[in-house]
$ cat my_file15.cif   # mmCIF, C-alpha atoms and all ligand atoms
data_my_file
loop_
_atom_site.group_PDB
_atom_site.id
_atom_site.type_symbol
_atom_site.label_atom_id
_atom_site.label_comp_id
_atom_site.auth_asym_id
_atom_site.auth_seq_id
_atom_site.Cartn_x
_atom_site.Cartn_y
_atom_site.Cartn_z
ATOM 1 C CA MET X 108 25.016 -50.936 17.206
ATOM 2 C CA PHE X 109 28.341 -49.344 18.015
ATOM 3 C CA GLU X 110 28.874 -45.654 18.393
ATOM 4 C CA THR X 111 32.091 -44.621 16.664
ATOM 5 C CA VAL X 112 34.203 -42.088 18.504
ATOM 6 C CA SER X 113 36.980 -40.642 16.377
ATOM 7 C CA SER X 114 40.346 -40.056 18.025
ATOM 8 C CA GLU X 115 41.701 -38.442 14.859
ATOM 9 C CA PRO X 116 42.942 -34.846 15.245
ATOM 10 C CA ALA X 117 40.683 -32.201 13.703
ATOM 11 C CA GLU X 118 41.122 -31.737 9.940
ATOM 12 C CA PRO X 119 43.291 -28.697 9.182
ATOM 13 C CA THR X 120 41.209 -25.843 7.821
ATOM 14 C CA ASP X 121 42.081 -23.028 5.447
ATOM 15 C CA ILE X 122 42.651 -19.976 7.632
ATOM 16 C CA VAL X 123 43.736 -17.769 4.715
ATOM 17 C CA VAL X 124 42.421 -17.955 1.149
ATOM 18 C CA LEU X 125 43.395 -15.462 -1.571
ATOM 19 C CA ASP X 126 41.931 -15.721 -5.027
ATOM 20 C CA GLY X 127 42.957 -13.407 -7.871
ATOM 21 C CA VAL X 128 44.105 -10.612 -5.568
ATOM 22 C CA ASP X 129 45.280 -7.308 -7.049
ATOM 23 C CA LYS X 130 46.540 -4.258 -5.169
ATOM 24 C CA THR X 131 47.587 -1.109 -7.010
ATOM 25 C CA TYR X 132 49.020 2.090 -5.553
ATOM 26 C CA THR X 133 48.392 5.238 -7.533
ATOM 27 C CA GLY X 134 50.213 8.416 -6.600
ATOM 28 C CA GLY X 135 50.459 11.355 -9.013
ATOM 29 C CA ARG X 136 51.457 9.875 -12.355
ATOM 30 C CA SER X 137 52.965 6.694 -10.944
ATOM 31 C CA VAL X 138 51.053 3.442 -10.772
ATOM 32 C CA VAL X 139 52.533 0.511 -8.833
ATOM 33 C CA HIS X 140 50.994 -2.933 -9.242
ATOM 34 C CA ALA X 141 52.034 -4.189 -5.822
ATOM 35 C CA LEU X 142 50.028 -7.441 -6.070
ATOM 36 C CA GLN X 143 48.832 -9.043 -9.297
ATOM 37 C CA SER X 144 46.509 -12.077 -9.530
ATOM 38 C CA VAL X 145 47.765 -13.623 -6.292
ATOM 39 C CA ASP X 146 46.210 -16.977 -5.332
ATOM 40 C CA LEU X 147 47.237 -18.806 -2.180
ATOM 41 C CA SER X 148 45.937 -20.562 0.904
ATOM 42 C CA VAL X 149 47.319 -21.291 4.362
ATOM 43 C CA ARG X 150 46.008 -24.027 6.636
ATOM 44 C CA SER X 151 45.898 -24.095 10.413
ATOM 45 C CA GLY X 152 49.135 -25.347 11.983
ATOM 46 C CA THR X 153 51.222 -24.616 8.871
ATOM 47 C CA LEU X 154 53.702 -21.913 7.973
ATOM 48 C CA LEU X 155 53.859 -20.091 4.647
ATOM 49 C CA ALA X 156 57.088 -18.203 3.939
ATOM 50 C CA VAL X 157 56.855 -15.343 1.452
ATOM 51 C CA HIS X 158 60.127 -14.237 -0.036
ATOM 52 C CA GLY X 159 61.259 -11.964 -2.809
ATOM 53 C CA ARG X 160 63.402 -8.924 -3.392
ATOM 54 C CA SER X 161 62.802 -5.529 -1.845
ATOM 55 C CA GLY X 162 59.708 -3.972 -3.416
ATOM 56 C CA SER X 163 58.322 -7.306 -4.665
ATOM 57 C CA GLY X 164 55.104 -6.892 -2.637
ATOM 58 C CA LYS X 165 55.710 -8.900 0.563
ATOM 59 C CA THR X 166 54.529 -6.259 3.042
ATOM 60 C CA THR X 167 51.555 -5.396 0.835
ATOM 61 C CA LEU X 168 50.578 -9.064 0.802
ATOM 62 C CA LEU X 169 50.906 -9.370 4.586
ATOM 63 C CA ASN X 170 48.898 -6.183 5.121
ATOM 64 C CA VAL X 171 46.091 -7.554 2.928
ATOM 65 C CA ILE X 172 46.163 -10.933 4.708
ATOM 66 C CA GLY X 173 46.207 -9.277 8.143
ATOM 67 C CA GLY X 174 43.239 -7.049 7.342
ATOM 68 C CA LEU X 175 45.333 -3.865 7.560
ATOM 69 C CA ASP X 176 44.689 -3.024 3.917
ATOM 70 C CA ARG X 177 42.034 -3.997 1.374
ATOM 71 C CA PRO X 178 42.700 -5.369 -2.114
ATOM 72 C CA ASP X 179 41.418 -3.655 -5.277
ATOM 73 C CA ALA X 180 40.235 -6.935 -6.790
ATOM 74 C CA GLY X 181 39.916 -10.592 -5.903
ATOM 75 C CA ARG X 182 38.765 -12.535 -2.869
ATOM 76 C CA VAL X 183 40.425 -12.536 0.546
ATOM 77 C CA GLU X 184 39.017 -14.772 3.239
ATOM 78 C CA VAL X 185 40.684 -14.885 6.671
ATOM 79 C CA CYS X 186 39.352 -16.971 9.571
ATOM 80 C CA GLY X 187 36.110 -17.364 7.642
ATOM 81 C CA LEU X 188 35.583 -13.605 7.154
ATOM 82 C CA ASP X 189 35.361 -12.089 3.672
ATOM 83 C CA LEU X 190 37.744 -9.143 4.057
ATOM 84 C CA VAL X 191 36.593 -7.392 0.895
ATOM 85 C CA SER X 192 33.031 -6.909 2.092
ATOM 86 C CA ALA X 193 33.781 -6.784 5.845
ATOM 87 C CA SER X 194 32.976 -3.563 7.692
ATOM 88 C CA ASP X 195 35.746 -1.600 9.423
ATOM 89 C CA ALA X 196 34.345 -2.801 12.757
ATOM 90 C CA GLU X 197 34.566 -6.436 11.622
ATOM 91 C CA LEU X 198 38.181 -5.909 10.510
ATOM 92 C CA THR X 199 39.046 -4.355 13.885
ATOM 93 C CA GLU X 200 37.437 -7.293 15.666
ATOM 94 C CA LEU X 201 39.335 -9.766 13.437
ATOM 95 C CA ARG X 202 42.651 -8.069 14.293
ATOM 96 C CA ARG X 203 41.814 -8.000 17.989
ATOM 97 C CA ARG X 204 40.638 -11.597 18.341
ATOM 98 C CA SER X 205 41.981 -13.769 15.543
ATOM 99 C CA VAL X 206 45.078 -12.264 13.897
ATOM 100 C CA ALA X 207 48.329 -11.356 15.645
ATOM 101 C CA PHE X 208 51.317 -9.490 14.220
ATOM 102 C CA VAL X 209 55.062 -9.690 14.774
ATOM 103 C CA PHE X 210 57.224 -6.997 13.190
ATOM 104 C CA GLN X 211 60.902 -6.552 12.382
ATOM 105 C CA GLY X 212 61.197 -3.709 14.921
ATOM 106 C CA PHE X 213 59.446 -5.739 17.692
ATOM 107 C CA GLY X 214 56.877 -2.973 18.357
ATOM 108 C CA LEU X 215 57.003 -3.220 22.149
ATOM 109 C CA LEU X 216 55.846 -0.323 24.317
ATOM 110 C CA PRO X 217 59.101 1.031 25.837
ATOM 111 C CA MET X 218 57.660 2.190 29.173
ATOM 112 C CA LEU X 219 56.094 -1.192 29.935
ATOM 113 C CA SER X 220 57.831 -4.290 31.303
ATOM 114 C CA ALA X 221 57.907 -7.544 29.328
ATOM 115 C CA ALA X 222 54.954 -8.850 31.368
ATOM 116 C CA GLU X 223 52.949 -5.637 30.883
ATOM 117 C CA ASN X 224 53.568 -5.734 27.119
ATOM 118 C CA VAL X 225 52.261 -9.308 26.963
ATOM 119 C CA GLU X 226 49.258 -8.231 29.040
ATOM 120 C CA VAL X 227 48.100 -5.572 26.542
ATOM 121 C CA PRO X 228 46.033 -7.859 24.242
ATOM 122 C CA LEU X 229 44.453 -9.534 27.281
ATOM 123 C CA ARG X 230 43.354 -6.127 28.593
ATOM 124 C CA LEU X 231 41.945 -5.257 25.150
ATOM 125 C CA GLN X 232 39.905 -8.449 25.239
ATOM 126 C CA GLY X 233 38.596 -7.570 28.702
ATOM 127 C CA ILE X 234 40.212 -10.618 30.321
ATOM 128 C CA THR X 235 40.523 -10.070 34.060
ATOM 129 C CA GLU X 236 42.547 -13.176 35.061
ATOM 130 C CA ARG X 237 45.753 -12.135 33.371
ATOM 131 C CA ARG X 238 48.684 -12.842 35.668
ATOM 132 C CA GLU X 239 48.987 -16.605 35.276
ATOM 133 C CA ARG X 240 48.433 -16.394 31.552
ATOM 134 C CA VAL X 241 51.215 -13.819 31.156
ATOM 135 C CA GLU X 242 53.600 -15.973 33.235
ATOM 136 C CA GLU X 243 52.768 -19.028 31.121
ATOM 137 C CA LEU X 244 53.328 -17.124 27.866
ATOM 138 C CA LEU X 245 56.688 -15.755 29.011
ATOM 139 C CA ASP X 246 57.682 -19.317 29.975
ATOM 140 C CA VAL X 247 56.647 -20.587 26.516
ATOM 141 C CA VAL X 248 59.090 -18.159 24.876
ATOM 142 C CA GLY X 249 61.821 -18.896 27.444
ATOM 143 C CA LEU X 250 61.677 -15.548 29.235
ATOM 144 C CA GLY X 251 60.160 -16.502 32.580
ATOM 145 C CA GLY X 252 62.978 -14.771 34.443
ATOM 146 C CA ARG X 253 62.684 -11.451 32.608
ATOM 147 C CA ALA X 254 59.085 -10.478 33.315
ATOM 148 C CA ASP X 255 60.001 -7.160 34.957
ATOM 149 C CA HIS X 256 62.536 -6.034 32.362
ATOM 150 C CA ARG X 257 61.691 -3.172 30.048
ATOM 151 C CA PRO X 258 62.475 -3.565 26.326
ATOM 152 C CA ASN X 259 65.705 -1.514 26.612
ATOM 153 C CA GLU X 260 66.913 -4.013 29.227
ATOM 154 C CA LEU X 261 66.490 -6.937 26.813
ATOM 155 C CA SER X 262 68.488 -8.100 23.779
ATOM 156 C CA GLY X 263 66.918 -7.957 20.311
ATOM 157 C CA GLY X 264 66.200 -11.691 20.367
ATOM 158 C CA GLU X 265 64.625 -11.392 23.820
ATOM 159 C CA GLN X 266 62.488 -8.455 22.680
ATOM 160 C CA GLN X 267 61.248 -10.512 19.745
ATOM 161 C CA ARG X 268 60.409 -13.348 22.155
ATOM 162 C CA VAL X 269 58.297 -10.898 24.192
ATOM 163 C CA ALA X 270 56.593 -9.804 20.953
ATOM 164 C CA ILE X 271 55.828 -13.453 20.135
ATOM 165 C CA ALA X 272 54.407 -14.005 23.645
ATOM 166 C CA ARG X 273 52.258 -10.882 23.184
ATOM 167 C CA ALA X 274 51.096 -12.171 19.786
ATOM 168 C CA LEU X 275 50.066 -15.488 21.363
ATOM 169 C CA ALA X 276 48.229 -13.799 24.240
ATOM 170 C CA ALA X 277 45.068 -13.217 22.243
ATOM 171 C CA ASP X 278 45.015 -16.920 21.251
ATOM 172 C CA PRO X 279 45.053 -16.082 17.528
ATOM 173 C CA GLN X 280 44.206 -18.356 14.616
ATOM 174 C CA LEU X 281 46.683 -16.518 12.362
ATOM 175 C CA LEU X 282 50.115 -15.021 13.034
ATOM 176 C CA VAL X 283 51.469 -12.558 10.484
ATOM 177 C CA ALA X 284 55.209 -11.856 10.798
ATOM 178 C CA ASP X 285 56.926 -9.264 8.589
ATOM 179 C CA GLU X 286 60.710 -9.823 8.560
ATOM 180 C CA PRO X 287 60.665 -11.038 12.192
ATOM 181 C CA THR X 288 64.407 -11.760 12.112
ATOM 182 C CA GLY X 289 65.439 -8.690 10.119
ATOM 183 C CA GLN X 290 67.152 -6.992 13.088
ATOM 184 C CA LEU X 291 68.736 -10.119 14.523
ATOM 185 C CA ASP X 292 72.018 -11.924 13.852
ATOM 186 C CA SER X 293 71.648 -15.140 11.873
ATOM 187 C CA ARG X 294 71.860 -17.504 14.849
ATOM 188 C CA THR X 295 69.312 -15.570 16.926
ATOM 189 C CA GLY X 296 67.141 -15.241 13.822
ATOM 190 C CA ALA X 297 67.195 -19.014 13.342
ATOM 191 C CA GLU X 298 66.208 -19.526 17.013
ATOM 192 C CA ILE X 299 63.308 -17.095 16.652
ATOM 193 C CA MET X 300 62.093 -18.874 13.498
ATOM 194 C CA LYS X 301 62.273 -22.239 15.288
ATOM 195 C CA LEU X 302 60.206 -20.776 18.140
ATOM 196 C CA ILE X 303 57.589 -19.443 15.696
ATOM 197 C CA VAL X 304 57.390 -22.820 13.920
ATOM 198 C CA ALA X 305 57.089 -24.687 17.236
ATOM 199 C CA VAL X 306 54.336 -22.506 18.705
ATOM 200 C CA ALA X 307 52.413 -22.567 15.417
ATOM 201 C CA ALA X 308 52.407 -26.363 15.326
ATOM 202 C CA GLU X 309 51.641 -26.742 19.055
ATOM 203 C CA ARG X 310 48.770 -24.262 19.020
ATOM 204 C CA ASP X 311 47.482 -25.082 15.529
ATOM 205 C CA ILE X 312 48.051 -21.501 14.354
ATOM 206 C CA ALA X 313 48.491 -20.599 10.680
ATOM 207 C CA VAL X 314 51.598 -18.445 10.153
ATOM 208 C CA VAL X 315 52.586 -16.200 7.249
ATOM 209 C CA VAL X 316 56.175 -14.919 7.388
ATOM 210 C CA ALA X 317 57.753 -12.475 4.950
ATOM 211 C CA THR X 318 61.519 -12.577 4.667
ATOM 212 C CA HIS X 319 64.446 -11.723 2.425
ATOM 213 C CA ASP X 320 66.455 -14.453 4.072
ATOM 214 C CA LEU X 321 66.122 -17.872 2.465
ATOM 215 C CA SER X 322 68.219 -19.573 5.148
ATOM 216 C CA ILE X 323 65.598 -19.016 7.842
ATOM 217 C CA ILE X 324 62.680 -20.526 5.945
ATOM 218 C CA ASP X 325 63.892 -24.102 5.787
ATOM 219 C CA ASP X 326 61.217 -25.043 8.296
ATOM 220 C CA ALA X 327 58.367 -23.567 6.253
ATOM 221 C CA ASP X 328 55.627 -25.927 5.081
ATOM 222 C CA HIS X 329 55.113 -23.839 1.946
ATOM 223 C CA ARG X 330 56.998 -21.046 0.226
ATOM 224 C CA VAL X 331 55.993 -18.533 -2.395
ATOM 225 C CA GLU X 332 58.297 -16.158 -4.199
ATOM 226 C CA LEU X 333 57.029 -12.754 -5.292
ATOM 227 C CA GLN X 334 58.381 -10.629 -8.123
ATOM 228 C CA ASP X 335 56.745 -7.335 -9.048
ATOM 229 C CA GLY X 336 53.591 -8.413 -7.225
ATOM 230 C CA HIS X 337 53.305 -11.788 -9.012
ATOM 231 C CA VAL X 338 53.787 -15.187 -7.425
ATOM 232 C CA ILE X 339 56.559 -16.553 -9.646
ATOM 233 C CA ALA X 340 57.413 -19.722 -7.744
ATOM 234 C CA GLU X 341 55.714 -21.953 -5.214
ATOM 235 C CA LEU X 342 57.381 -24.722 -3.301
ATOM 236 C CA THR X 343 55.832 -27.290 -1.004
ATOM 237 C CA PRO X 344 58.674 -29.402 0.392
HETATM 238 N N1 LIG M 1 51.518 3.252 0.324
HETATM 239 C C1 LIG M 1 52.138 3.090 -0.840
HETATM 240 N N2 LIG M 1 51.987 3.970 -1.849
HETATM 241 C C2 LIG M 1 52.574 3.793 -3.043
HETATM 242 N N3 LIG M 1 53.354 2.733 -3.350
HETATM 243 C C3 LIG M 1 53.552 1.819 -2.380
HETATM 244 C C4 LIG M 1 52.955 1.939 -1.095
HETATM 245 N N4 LIG M 1 53.324 0.860 -0.343
HETATM 246 C C5 LIG M 1 54.115 0.106 -1.135
HETATM 247 N N5 LIG M 1 54.254 0.678 -2.363
HETATM 248 C C6 LIG M 1 54.998 0.127 -3.499
HETATM 249 O O1 LIG M 1 54.517 -1.198 -3.725
HETATM 250 C C7 LIG M 1 55.568 -2.088 -4.067
HETATM 251 C C8 LIG M 1 55.602 -3.232 -3.084
HETATM 252 O O2 LIG M 1 55.983 -2.717 -1.807
HETATM 253 P P1 LIG M 1 56.140 -3.664 -0.524
HETATM 254 O O3 LIG M 1 56.446 -2.780 0.633
HETATM 255 O O4 LIG M 1 54.956 -4.534 -0.439
HETATM 256 O O5 LIG M 1 57.426 -4.538 -0.921
HETATM 257 P P2 LIG M 1 58.331 -5.503 -0.014
HETATM 258 O O6 LIG M 1 58.576 -6.727 -0.832
HETATM 259 O O7 LIG M 1 57.706 -5.669 1.324
HETATM 260 O O8 LIG M 1 59.663 -4.654 0.128
HETATM 261 P P3 LIG M 1 60.762 -4.648 1.325
HETATM 262 O O9 LIG M 1 61.366 -6.028 1.328
HETATM 263 O O10 LIG M 1 61.724 -3.578 0.900
HETATM 264 O O11 LIG M 1 60.038 -4.311 2.592
HETATM 265 C C9 LIG M 1 56.841 -1.232 -4.056
HETATM 266 O O12 LIG M 1 57.136 -0.852 -5.384
HETATM 267 C C10 LIG M 1 56.465 -0.030 -3.210
HETATM 268 O O13 LIG M 1 57.196 1.118 -3.621
#

$ encode --input "my_file15.cif" --output "structure tokens" --more "lines below"
Ligand SMILES: Nc1ncnc2c1ncn2[C@@H]1O[C@H](COP(=O)(O)OP(=O)(O)OP(=O)(O)O)[C@@H](O)[C@H]1O
Amino acid sequence: MFETVSSEPAEPTDIVVLDGVDKTYTGGRSVVHALQSVDLSVRSGTLLAVHGRSGSGKTTLLNVIGGLDRPDAGRVEVCGLDLVSASDAELTELRRRSVAFVFQGFGLLPMLSAAENVEVPLRLQGITERRERVEELLDVVGLGGRADHRPNELSGGEQQRVAIARALAADPQLLVADEPTGQLDSRTGAEIMKLIVAVAAERDIAVVVATHDLSIIDDADHRVELQDGHVIAELTP
């Protein structure tokens, strides 16, 4: 009898599953159907790019996927948690441990250095051995020499690198990035996208990126286009 030991990498798993998701905003007499019957899934180690015109529902979709907002109908499962029935405490825990965010405006704390910004999620998780981890993360994003710089002493591209290092600090399963290159020139934006794609593949993280800019999503594994809250096109290169 032989014991078989598999050297195959682990099967990719669905980190995000949306099934028939609707989200409607009602204010006064206006009703906005921001998401309508959206179905999609994102596997570990792959990147989904969401594009569409302004107002098409990209941020709403990312907020629902990231557990920042709840849908009105449909099923949303993220990292194995049903976000429709999850308690507020479970959503907070999901955002602290499993989902990381990168925003257009970087979202760094201005009074803290690059290293201290990256340290924040580690502190929130109660991790005491932080120094080496922060150094390693700043090296991963190519900013080893800028650990002591505050955000206003860094370029936009460098600030976004710090934000990516901070996002990776919590060792997330899912990275949600809303227009991460929106404030960067096209070359820096392309470098930032390449970095996001590389770290996602290396660390087996699922990534969802919203963008207006089609040129920066060439590296995406999947793309969906939104129009008035509907998915109108899907492309898997
Ligand atoms: N809190 C809210 N209350 C009411 N309507 C909202 C709210 N948030 C978004 N909307 C509406 O929902 C629709 C989708 O908005 P969303 O921000 O998701 O679009 P977007 O594709 O991200 O746009 P942009 O590219 O300009 O950021 C828009 O018509 C918007 O006006």

$ residues_near_ligand --input "my_file15.cif" --ligand "ligand LIG 1 (chain M)" --cutoff "8 Å" --atoms "all atoms listed in the file" --output "CSV table (one decimal) with C-alpha atoms, keeping the file's coordinate frame"
chain,number,residue,atom,x,y,z
X,131,THR,CA,47.6,-1.1,-7.0
X,132,TYR,CA,49.0,2.1,-5.6
X,133,THR,CA,48.4,5.2,-7.5
X,134,GLY,CA,50.2,8.4,-6.6
X,138,VAL,CA,51.1,3.4,-10.8
X,139,VAL,CA,52.5,0.5,-8.8
X,140,HIS,CA,51.0,-2.9,-9.2
X,141,ALA,CA,52.0,-4.2,-5.8
X,142,LEU,CA,50.0,-7.4,-6.1
X,158,HIS,CA,60.1,-14.2,0.0
X,159,GLY,CA,61.3,-12.0,-2.8
X,160,ARG,CA,63.4,-8.9,-3.4
X,161,SER,CA,62.8,-5.5,-1.8
X,162,GLY,CA,59.7,-4.0,-3.4
X,163,SER,CA,58.3,-7.3,-4.7
X,164,GLY,CA,55.1,-6.9,-2.6
X,165,LYS,CA,55.7,-8.9,0.6
X,166,THR,CA,54.5,-6.3,3.0
X,167,THR,CA,51.6,-5.4,0.8
X,168,LEU,CA,50.6,-9.1,0.8
X,317,ALA,CA,57.8,-12.5,5.0
X,318,THR,CA,61.5,-12.6,4.7
X,319,HIS,CA,64.4,-11.7,2.4
X,333,LEU,CA,57.0,-12.8,-5.3
X,335,ASP,CA,56.7,-7.3,-9.0
X,336,GLY,CA,53.6,-8.4,-7.2

$ residues_around --input "my_file15.cif" --residues "X:Ala193" --least-positions-apart "3" --cutoff "12 Å" --atoms "all atoms listed in the file" --output "list in words"
Gly174, Asp176, Arg177, Arg182, Val183, Glu184, Val185, Gly187, Leu188, Asp189, Leu190, Ala196, Glu197, Leu198, Thr199, Glu200 and Leu201 of chain X

$ resolve_selection --input "my_file15.cif" --expression "the PyMOL selection byres (((chain X and resi 242) around 10) and not hetatm)" --output "PDB file with C-alpha atoms, keeping the file's coordinate frame"
ATOM      1  CA  ALA X 222      54.954  -8.850  31.368  1.00  0.00           C
ATOM      2  CA  VAL X 225      52.261  -9.308  26.963  1.00  0.00           C
ATOM      3  CA  GLU X 226      49.258  -8.231  29.040  1.00  0.00           C
ATOM      4  CA  ARG X 237      45.753 -12.135  33.371  1.00  0.00           C
ATOM      5  CA  ARG X 238      48.684 -12.842  35.668  1.00  0.00           C
ATOM      6  CA  GLU X 239      48.987 -16.605  35.276  1.00  0.00           C
ATOM      7  CA  ARG X 240      48.433 -16.394  31.552  1.00  0.00           C
ATOM      8  CA  VAL X 241      51.215 -13.819  31.156  1.00  0.00           C
ATOM      9  CA  GLU X 243      52.768 -19.028  31.121  1.00  0.00           C
ATOM     10  CA  LEU X 244      53.328 -17.124  27.866  1.00  0.00           C
ATOM     11  CA  LEU X 245      56.688 -15.755  29.011  1.00  0.00           C
ATOM     12  CA  ASP X 246      57.682 -19.317  29.975  1.00  0.00           C
ATOM     13  CA  VAL X 247      56.647 -20.587  26.516  1.00  0.00           C
ATOM     14  CA  LEU X 250      61.677 -15.548  29.235  1.00  0.00           C
ATOM     15  CA  GLY X 251      60.160 -16.502  32.580  1.00  0.00           C
ATOM     16  CA  GLY X 252      62.978 -14.771  34.443  1.00  0.00           C
ATOM     17  CA  ALA X 254      59.085 -10.478  33.315  1.00  0.00           C
ATOM     18  CA  ALA X 272      54.407 -14.005  23.645  1.00  0.00           C
TER      19      ALA X 272
END

$ closest_atom_pairs --input "my_file15.cif" --of "stretch 180-273 of chain X" --to "stretch 285-290 of chain X" --cutoff "9 Å" --atoms "all atoms listed in the file" --output "Markdown table"
| residue | atom | partner | partner_atom | distance |
| --- | --- | --- | --- | --- |
| X:Phe208 | CA | X:Asp285 | CA | 8.0 |
| X:Val209 | CA | X:Pro287 | CA | 6.3 |
| X:Phe210 | CA | X:Asp285 | CA | 5.1 |
| X:Gln211 | CA | X:Pro287 | CA | 4.5 |
| X:Gly212 | CA | X:Gln290 | CA | 7.0 |
| X:Phe213 | CA | X:Pro287 | CA | 7.7 |
| X:Gly263 | CA | X:Gln290 | CA | 7.3 |
| X:Gly264 | CA | X:Thr288 | CA | 8.4 |
| X:Gln267 | CA | X:Pro287 | CA | 7.6 |

$ closest_residue --input "my_file15.cif" --among "X:Thr343, X:Gln143, X:Ser205, X:Ser137" --to "X:Leu281" --atoms "all atoms listed in the file"
X:Ser205

$ atom_distance --input "my_file15.cif" --atom1 "atom CA of X:Val206" --atom2 "atom CA of X:Gly173"
6.6 Å

$ atom_distance --input "my_file15.cif" --atom1 "atom CA of X:Arg330" --atom2 "atom CA of X:Ser192"
27.9 Å

$ closest_residue --input "my_file15.cif" --among "X:Ala307, X:Ile339, X:Val191, X:Ala274" --to "X:Ala207" --atoms "only C-alpha atoms"
X:Ala274

$ atom_distance --input "my_file15.cif" --atom1 "atom CA of X:Ile324" --atom2 "atom CA of X:Ala305"
13.3 Å

$ resolve_selection --input "my_file15.cif" --expression "the PyMOL selection byres (((chain X and resi 256) around 12) and not hetatm)" --output "list in words"
Leu215, Leu216, Pro217, Met218, Leu219, Ser220, Ala221, Ala222, Glu223, Asn224, Leu245, Leu250, Gly251, Gly252, Arg253, Ala254, Asp255, Arg257, Pro258, Asn259, Glu260, Leu261, Ser262, Glu265, Gln266 and Val269 of chain X

$ residues_near_point --input "my_file15.cif" --point "(43.4, -15.0, 3.6)" --cutoff "8 Å" --atoms "only C-alpha atoms" --output "list in words"
Ile122, Val123, Val124, Leu125, Leu147, Ser148, Val149, Val171, Ile172, Gly173, Val183, Glu184, Val185 and Cys186 of chain X

$ closest_residue --input "my_file15.cif" --among "X:Gly296, X:Gly152, X:Gly181, X:Pro279" --to "X:Arg204" --atoms "all atoms listed in the file"
X:Pro279

$ closest_residue --input "my_file15.cif" --among "X:Ala156, X:Gly127, X:Arg202, X:Leu229" --to "X:Asp320" --atoms "all atoms listed in the file"
X:Ala156

$ closest_residue --input "my_file15.cif" --among "X:Val128, X:Val248, X:Leu154, X:Leu321" --to "X:Ala308" --atoms "only C-alpha atoms"
X:Leu154

$ closest_residue --input "my_file15.cif" --among "X:Ala340, X:Gln232, X:Ala297, X:Asp129" --to "X:Asp325" --atoms "all atoms listed in the file"
X:Ala297

$ build_atoms --input "my_file15.cif" --residues "stretch 158-170 of chain X" --atoms "N, CA and C atoms" --output "PDB file, keeping the file's coordinate frame"
ATOM      1  N   HIS X 158      58.860 -14.925   0.169  1.00  0.00           N
ATOM      2  CA  HIS X 158      60.127 -14.237  -0.036  1.00  0.00           C
ATOM      3  C   HIS X 158      60.134 -13.537  -1.382  1.00  0.00           C
ATOM      4  N   GLY X 159      61.182 -12.768  -1.600  1.00  0.00           N
ATOM      5  CA  GLY X 159      61.259 -11.964  -2.809  1.00  0.00           C
ATOM      6  C   GLY X 159      62.079 -10.732  -2.509  1.00  0.00           C
ATOM      7  N   ARG X 160      62.527 -10.074  -3.567  1.00  0.00           N
ATOM      8  CA  ARG X 160      63.402  -8.924  -3.392  1.00  0.00           C
ATOM      9  C   ARG X 160      62.649  -7.746  -2.790  1.00  0.00           C
ATOM     10  N   SER X 161      63.405  -6.747  -2.370  1.00  0.00           N
ATOM     11  CA  SER X 161      62.802  -5.529  -1.845  1.00  0.00           C
ATOM     12  C   SER X 161      61.867  -4.936  -2.902  1.00  0.00           C
ATOM     13  N   GLY X 162      60.671  -4.568  -2.485  1.00  0.00           N
ATOM     14  CA  GLY X 162      59.708  -3.972  -3.416  1.00  0.00           C
ATOM     15  C   GLY X 162      58.879  -4.991  -4.173  1.00  0.00           C
ATOM     16  N   SER X 163      59.045  -6.281  -3.891  1.00  0.00           N
ATOM     17  CA  SER X 163      58.322  -7.306  -4.665  1.00  0.00           C
ATOM     18  C   SER X 163      56.861  -7.442  -4.227  1.00  0.00           C
ATOM     19  N   GLY X 164      56.508  -6.864  -3.052  1.00  0.00           N
ATOM     20  CA  GLY X 164      55.104  -6.892  -2.637  1.00  0.00           C
ATOM     21  C   GLY X 164      54.839  -7.660  -1.349  1.00  0.00           C
ATOM     22  N   LYS X 165      55.887  -8.053  -0.626  1.00  0.00           N
ATOM     23  CA  LYS X 165      55.710  -8.900   0.563  1.00  0.00           C
ATOM     24  C   LYS X 165      54.872  -8.202   1.645  1.00  0.00           C
ATOM     25  N   THR X 166      55.263  -6.964   1.982  1.00  0.00           N
ATOM     26  CA  THR X 166      54.529  -6.259   3.042  1.00  0.00           C
ATOM     27  C   THR X 166      53.096  -5.983   2.609  1.00  0.00           C
ATOM     28  N   THR X 167      52.915  -5.624   1.338  1.00  0.00           N
ATOM     29  CA  THR X 167      51.555  -5.396   0.835  1.00  0.00           C
ATOM     30  C   THR X 167      50.718  -6.652   1.009  1.00  0.00           C
ATOM     31  N   LEU X 168      51.303  -7.794   0.673  1.00  0.00           N
ATOM     32  CA  LEU X 168      50.578  -9.064   0.802  1.00  0.00           C
ATOM     33  C   LEU X 168      50.219  -9.326   2.270  1.00  0.00           C
ATOM     34  N   LEU X 169      51.181  -9.125   3.160  1.00  0.00           N
ATOM     35  CA  LEU X 169      50.906  -9.370   4.586  1.00  0.00           C
ATOM     36  C   LEU X 169      49.857  -8.407   5.123  1.00  0.00           C
ATOM     37  N   ASN X 170      49.900  -7.152   4.664  1.00  0.00           N
ATOM     38  CA  ASN X 170      48.898  -6.183   5.121  1.00  0.00           C
ATOM     39  C   ASN X 170      47.493  -6.566   4.657  1.00  0.00           C
TER      40      ASN X 170
END
